[in-house]
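> Attaching a single structure in structure tokens format; questions to follow.
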Amino acid sequence: MQLIPEVKFALALLEKRKIRDKEDKYVVEGDHLVMEAGDLVEFVIYHKETPGVKWAQGRKLPAYKVSERVFEKISQVVTPQGILAVVKKRQDQFESLFKTAVPFLVFCDGIQDPGNLGTIIRGADAAGAAGVLLSSGCAELYNQKVIRSTQGSLFHLPILEVGPAKPQIIKLKQKGVKVVAADAKGQAYWSAGLSGPLAIVIGNEGAGLSDAVLAICDEVVSIPMPGKAESLNAAMAANILMYEVLRQRWKE
């Protein structure tokens, strides 16, 4: 099967993180994600006319038509929509998290499940967060399952991959941000004051947050569970806490 250079490049991005890191590009698939990517789209690959193809052509973006067989070779979904795009990574900086006077941030520390991470990003977008930070140990932001789980929210707010959690938490505190950790040992989350500059820290699905991270957070909160469930997954817990932040801010 003979492949054009653009298809080979898209395949390389899909298959190897080191290529994504080197090129600062990745792939999104489906009409919704392609159009959400907007000005970040470099070019489109498609095998049938779709709303996304018409959108790309209207913006005069390069669009390469391939056979259905070729498209199926590069598609990452069970039922391909017939369009994907190579997209440039956003170049957000730490300061981009502080464009609002009272920032609300979500800090993911070691969230390894791509579906959880994508759902947390989507929830942060819905709840009006100013940005999301991802520590080392998190699933890669540009993993296809993460991208699909965000449903386009990764294009709506700054998301920074920041390395080890502890120095970044210290950096946030130096900016006047209250850092609140989610942990079973904490007080009930509705007892905490969450209306000022704030970062909620969500830990690894199995291990939670390290003692070193908990020790430098300003407050620790938990989600009471009077029922028989042993735990909530990280995405569900994060969304409960994010909407408590929204509730407290809404009433003011």
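Simple scheme: letters A, B, ... for chains in structure tokens order, numbers from 1 for residues in each chain, numbers from 1 for ligands in the order shown.
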What are the closest atom pairs, with distances in Å to one decimal, for each residue of region 142-245 of chain A lying within 9 Å of region 96-114 of chain A, using only C-alpha atoms, rows by chain and rising residue number, as a tab-separated table?

```
residue	atom	partner	partner_atom	distance
A:Asn143	CA	A:Pro114	CA	7.2
A:Gln144	CA	A:Pro114	CA	8.4
A:Lys145	CA	A:Pro114	CA	5.7
A:Val146	CA	A:Pro114	CA	4.7
A:Ile147	CA	A:Pro114	CA	8.5
A:Ser149	CA	A:Pro114	CA	7.8
A:Leu157	CA	A:Leu97	CA	8.8
A:Pro158	CA	A:Leu97	CA	6.7
A:Ile159	CA	A:Leu97	CA	8.8
A:Pro164	CA	A:Asp109	CA	8.3
A:Ala165	CA	A:Asp109	CA	6.4
A:Ile169	CA	A:Phe107	CA	8.7
A:Val177	CA	A:Pro103	CA	7.9
A:Ser195	CA	A:Val102	CA	8.3
A:Gly196	CA	A:Val102	CA	6.0
A:Pro197	CA	A:Val102	CA	4.7
A:Leu198	CA	A:Phe104	CA	4.9
A:Ala199	CA	A:Leu105	CA	4.4
A:Ile200	CA	A:Val106	CA	5.0
A:Val201	CA	A:Phe107	CA	4.6
A:Ile202	CA	A:Cys108	CA	5.1
A:Gly203	CA	A:Asp109	CA	4.9
A:Asn204	CA	A:Gly110	CA	4.7
A:Glu205	CA	A:Ile111	CA	6.3
A:Gly208	CA	A:Gly110	CA	8.4
A:Leu209	CA	A:Asp109	CA	7.2
A:Ala234	CA	A:Ile111	CA	7.7
A:Ala238	CA	A:Val106	CA	8.5
A:Met242	CA	A:Val106	CA	8.2
A:Val245	CA	A:Phe104	CA	8.2
```
> So which bits of region 39-238 of chain A end up strand (DSSP E) when you DSSP the backbone, as a VMD selection string?
chain A and resid 41 to 46 63 to 65 83 to 88 104 to 108 131 to 135 159 to 163 178 to 188 198 to 202 219 to 222
> Write the selection just made, keeping N, CA and C atoms, as a CSV table (one decimal), in the first residue's frame?

```csv
chain,number,residue,atom,x,y,z
A,41,VAL,N,-5.1,23.5,13.4
A,41,VAL,CA,-5.1,22.4,12.4
A,41,VAL,C,-4.0,22.8,11.3
A,42,GLU,N,-3.1,21.8,11.0
A,42,GLU,CA,-2.1,22.0,9.9
A,42,GLU,C,-2.7,21.5,8.6
A,43,PHE,N,-3.2,20.3,8.6
A,43,PHE,CA,-3.8,19.7,7.4
A,43,PHE,C,-4.8,18.6,7.8
A,44,VAL,N,-5.6,18.3,6.8
A,44,VAL,CA,-6.7,17.3,7.0
A,44,VAL,C,-6.5,16.1,6.1
A,45,ILE,N,-6.8,14.9,6.6
A,45,ILE,CA,-6.8,13.7,5.7
A,45,ILE,C,-8.2,13.1,5.8
A,46,TYR,N,-8.8,12.8,4.7
A,46,TYR,CA,-10.1,12.3,4.7
A,46,TYR,C,-10.4,11.3,3.5
A,63,ALA,N,-6.0,19.7,2.4
A,63,ALA,CA,-6.9,18.5,2.6
A,63,ALA,C,-6.5,17.4,1.6
A,64,TYR,N,-6.2,16.3,2.1
A,64,TYR,CA,-5.7,15.2,1.3
A,64,TYR,C,-6.7,14.0,1.3
A,65,LYS,N,-7.2,13.7,0.1
A,65,LYS,CA,-8.2,12.6,0.0
A,65,LYS,C,-7.5,11.3,-0.2
A,83,ILE,N,-12.5,11.5,8.6
A,83,ILE,CA,-11.7,12.7,8.6
A,83,ILE,C,-10.8,12.7,9.9
A,84,LEU,N,-9.6,13.1,9.7
A,84,LEU,CA,-8.7,13.4,10.8
A,84,LEU,C,-7.8,14.5,10.4
A,85,ALA,N,-7.1,15.1,11.4
A,85,ALA,CA,-6.2,16.2,11.2
A,85,ALA,C,-5.0,16.1,12.0
A,86,VAL,N,-3.9,16.7,11.4
A,86,VAL,CA,-2.7,16.9,12.2
A,86,VAL,C,-2.8,18.3,12.8
A,87,VAL,N,-2.5,18.4,14.1
A,87,VAL,CA,-2.8,19.6,14.8
A,87,VAL,C,-1.5,20.0,15.6
A,88,LYS,N,-1.3,21.3,15.7
A,88,LYS,CA,-0.2,21.8,16.5
A,88,LYS,C,-0.6,21.9,17.9
A,104,PHE,N,-9.1,29.5,39.3
A,104,PHE,CA,-9.5,28.2,39.8
A,104,PHE,C,-8.8,27.2,38.9
A,105,LEU,N,-7.9,26.4,39.5
A,105,LEU,CA,-7.1,25.4,38.8
A,105,LEU,C,-7.3,24.0,39.2
A,106,VAL,N,-7.1,23.1,38.4
A,106,VAL,CA,-7.1,21.6,38.7
A,106,VAL,C,-5.8,21.0,38.5
A,107,PHE,N,-5.2,20.4,39.5
A,107,PHE,CA,-3.9,19.8,39.4
A,107,PHE,C,-4.0,18.3,39.5
A,108,CYS,N,-3.7,17.6,38.4
A,108,CYS,CA,-3.7,16.1,38.3
A,108,CYS,C,-2.3,15.6,38.6
A,131,GLY,N,-7.5,26.5,34.2
A,131,GLY,CA,-6.5,25.7,33.6
A,131,GLY,C,-6.3,24.4,34.3
A,132,VAL,N,-5.6,23.5,33.7
A,132,VAL,CA,-5.3,22.2,34.3
A,132,VAL,C,-3.8,22.0,34.2
A,133,LEU,N,-3.2,21.5,35.3
A,133,LEU,CA,-1.8,21.1,35.4
A,133,LEU,C,-1.7,19.6,35.5
A,134,LEU,N,-0.8,19.0,34.8
A,134,LEU,CA,-0.5,17.6,34.8
A,134,LEU,C,0.9,17.3,35.3
A,135,SER,N,1.0,16.6,36.4
A,135,SER,CA,2.3,16.2,36.9
A,135,SER,C,2.9,15.1,36.0
A,159,ILE,N,-3.7,23.7,29.4
A,159,ILE,CA,-3.4,22.5,30.0
A,159,ILE,C,-1.9,22.3,29.9
A,160,LEU,N,-1.2,22.3,31.1
A,160,LEU,CA,0.3,22.3,31.1
A,160,LEU,C,0.8,21.0,31.7
A,161,GLU,N,1.7,20.4,31.0
A,161,GLU,CA,2.4,19.2,31.5
A,161,GLU,C,3.7,19.8,32.3
A,162,VAL,N,3.7,19.6,33.6
A,162,VAL,CA,4.6,20.5,34.4
A,162,VAL,C,5.7,19.7,35.1
A,163,GLY,N,5.8,18.4,35.0
A,163,GLY,CA,6.8,17.7,35.8
A,163,GLY,C,6.4,17.3,37.2
A,178,LYS,N,-4.4,29.1,47.0
A,178,LYS,CA,-4.7,28.1,48.1
A,178,LYS,C,-4.7,26.7,47.4
A,179,VAL,N,-3.9,25.8,47.9
A,179,VAL,CA,-3.8,24.5,47.3
A,179,VAL,C,-4.6,23.5,48.2
A,180,VAL,N,-5.6,22.8,47.7
A,180,VAL,CA,-6.4,21.9,48.5
A,180,VAL,C,-6.3,20.5,47.9
A,181,ALA,N,-5.9,19.6,48.7
A,181,ALA,CA,-5.7,18.2,48.3
A,181,ALA,C,-7.0,17.4,48.5
A,182,ALA,N,-7.2,16.4,47.6
A,182,ALA,CA,-8.3,15.5,47.8
A,182,ALA,C,-7.7,14.2,48.4
A,183,ASP,N,-8.2,13.8,49.6
A,183,ASP,CA,-7.7,12.6,50.3
A,183,ASP,C,-8.7,12.1,51.3
A,184,ALA,N,-8.8,10.8,51.5
A,184,ALA,CA,-9.8,10.3,52.4
A,184,ALA,C,-9.6,10.7,53.8
A,185,LYS,N,-8.5,11.2,54.2
A,185,LYS,CA,-8.2,11.7,55.6
A,185,LYS,C,-8.7,13.1,55.8
A,186,GLY,N,-9.2,13.8,54.8
A,186,GLY,CA,-9.5,15.2,55.0
A,186,GLY,C,-10.9,15.4,55.6
A,187,GLN,N,-11.2,16.7,55.8
A,187,GLN,CA,-12.5,17.1,56.2
A,187,GLN,C,-13.5,17.0,55.1
A,188,ALA,N,-14.8,17.0,55.4
A,188,ALA,CA,-15.8,17.0,54.3
A,188,ALA,C,-15.6,18.2,53.4
A,198,LEU,N,-7.5,29.3,43.8
A,198,LEU,CA,-7.5,27.9,44.3
A,198,LEU,C,-7.0,26.9,43.3
A,199,ALA,N,-6.3,25.9,43.8
A,199,ALA,CA,-6.0,24.7,43.0
A,199,ALA,C,-6.4,23.5,43.8
A,200,ILE,N,-7.2,22.6,43.1
A,200,ILE,CA,-7.6,21.3,43.7
A,200,ILE,C,-6.7,20.3,43.1
A,201,VAL,N,-6.1,19.5,44.0
A,201,VAL,CA,-5.1,18.5,43.6
A,201,VAL,C,-5.7,17.1,43.7
A,202,ILE,N,-5.7,16.4,42.6
A,202,ILE,CA,-6.3,15.0,42.5
A,202,ILE,C,-5.2,14.0,42.3
A,219,GLU,N,-4.8,22.6,52.7
A,219,GLU,CA,-5.9,22.0,53.3
A,219,GLU,C,-6.2,20.6,52.6
A,220,VAL,N,-6.8,19.7,53.3
A,220,VAL,CA,-7.1,18.4,52.7
A,220,VAL,C,-8.6,18.2,52.9
A,221,VAL,N,-9.3,17.8,51.8
A,221,VAL,CA,-10.7,17.5,51.9
A,221,VAL,C,-11.0,16.1,51.4
A,222,SER,N,-12.1,15.6,51.8
A,222,SER,CA,-12.6,14.3,51.4
A,222,SER,C,-14.0,14.3,50.9
```
> Residues at most 10 Å from region 68-79 of chain A, counting only C-alpha atoms, excluding those fewer than 4 positions away in the same chain, as an MDAnalysis selection string?
chainID A and resid 1:4 7:8 10:12 14:15 27:30 45:48 83:84 144:145 148
> Using only C-alpha atoms, find the one residue out of A:Lys173, A:Lys54, A:Lys18, A:His156 that sits nearest to Asp125 (chain A).
A:His156
> Would you please give, as a VMD selection string, all residues of region 59-242 of chain A that DSSP assigns to helix (DSSP H, G or I) based on the backbone?
chain A and resid 68 to 74 94 to 98 114 to 126 144 to 150 153 to 155 165 to 174 189 to 191 211 to 216 234 to 242
> In Å, with one decimal, what is the gap from CA of Asp21 (chain A) to CA of Phe155 (chain A)?
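That distance, rounded to one decimal, is 17.8 Å.
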> Write out as a ChimeraX atom specification the residues lying within 7 Å of Gly52 (chain A), counting only C-alpha atoms and excluding same-chain residues fewer than 5 positions away.
/A:31,34-35
> Between A:Ala215, A:Leu154, A:Leu172, A:Leu246, single out the one closest to Lys89 (chain A), counting only C-alpha atoms.
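Checking each candidate against Lys89 (chain A), we get A:Leu154 as the closest.
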> For CA of Gln91 (chain A) and CA of Ser153 (chain A), quote the distance in Å rounded to one decimal.
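For CA of Gln91 (chain A) relative to CA of Ser153 (chain A), the distance reads 15.6 Å.
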> Tell me which of A:Glu244, A:Met236, A:Ala207, A:Pro226 sits closest to Ala127 (chain A), counting only C-alpha atoms.
A:Glu244
> How far is it from CA of Thr50 (chain A) to CA of Pro80 (chain A), in Å with one decimal?
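Interatomic distance, CA of Thr50 (chain A) to CA of Pro80 (chain A): 11.6 Å.
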> Need the shell around Asn239 (chain A): protein/DNA/RNA residues with any atom at most 8 Å away, counting only C-alpha atoms. Skip same-chain ones fewer than 3 positions apart. Format as a PyMOL selection string?
chain A and resi 120+123-124+235-236+242-243
> Keeping only N, CA and C atoms, take the residues you just selected and write them out as a PDB file, in the first residue's frame.

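Output below, filename again_6.pdb:
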```
ATOM      1  N   ILE A 120     -11.600  14.465  33.469  1.00  0.00           N
ATOM      2  CA  ILE A 120     -11.280  15.556  34.391  1.00  0.00           C
ATOM      3  C   ILE A 120     -11.106  16.864  33.624  1.00  0.00           C
ATOM      4  N   GLY A 123     -14.455  18.079  32.610  1.00  0.00           N
ATOM      5  CA  GLY A 123     -15.155  18.642  33.769  1.00  0.00           C
ATOM      6  C   GLY A 123     -14.604  19.999  34.162  1.00  0.00           C
ATOM      7  N   ALA A 124     -13.275  20.163  34.094  1.00  0.00           N
ATOM      8  CA  ALA A 124     -12.659  21.453  34.419  1.00  0.00           C
ATOM      9  C   ALA A 124     -13.148  22.533  33.465  1.00  0.00           C
ATOM     10  N   ALA A 235     -11.925  10.629  38.266  1.00  0.00           N
ATOM     11  CA  ALA A 235     -12.678  11.618  37.488  1.00  0.00           C
ATOM     12  C   ALA A 235     -13.966  12.008  38.202  1.00  0.00           C
ATOM     13  N   MET A 236     -14.658  11.034  38.778  1.00  0.00           N
ATOM     14  CA  MET A 236     -15.898  11.345  39.498  1.00  0.00           C
ATOM     15  C   MET A 236     -15.603  12.219  40.711  1.00  0.00           C
ATOM     16  N   MET A 242     -14.944  19.954  41.808  1.00  0.00           N
ATOM     17  CA  MET A 242     -14.989  21.125  40.924  1.00  0.00           C
ATOM     18  C   MET A 242     -16.345  21.814  40.983  1.00  0.00           C
ATOM     19  N   TYR A 243     -17.401  21.028  41.082  1.00  0.00           N
ATOM     20  CA  TYR A 243     -18.727  21.650  41.130  1.00  0.00           C
ATOM     21  C   TYR A 243     -19.047  22.232  42.495  1.00  0.00           C
TER      22      TYR A 243
END
```
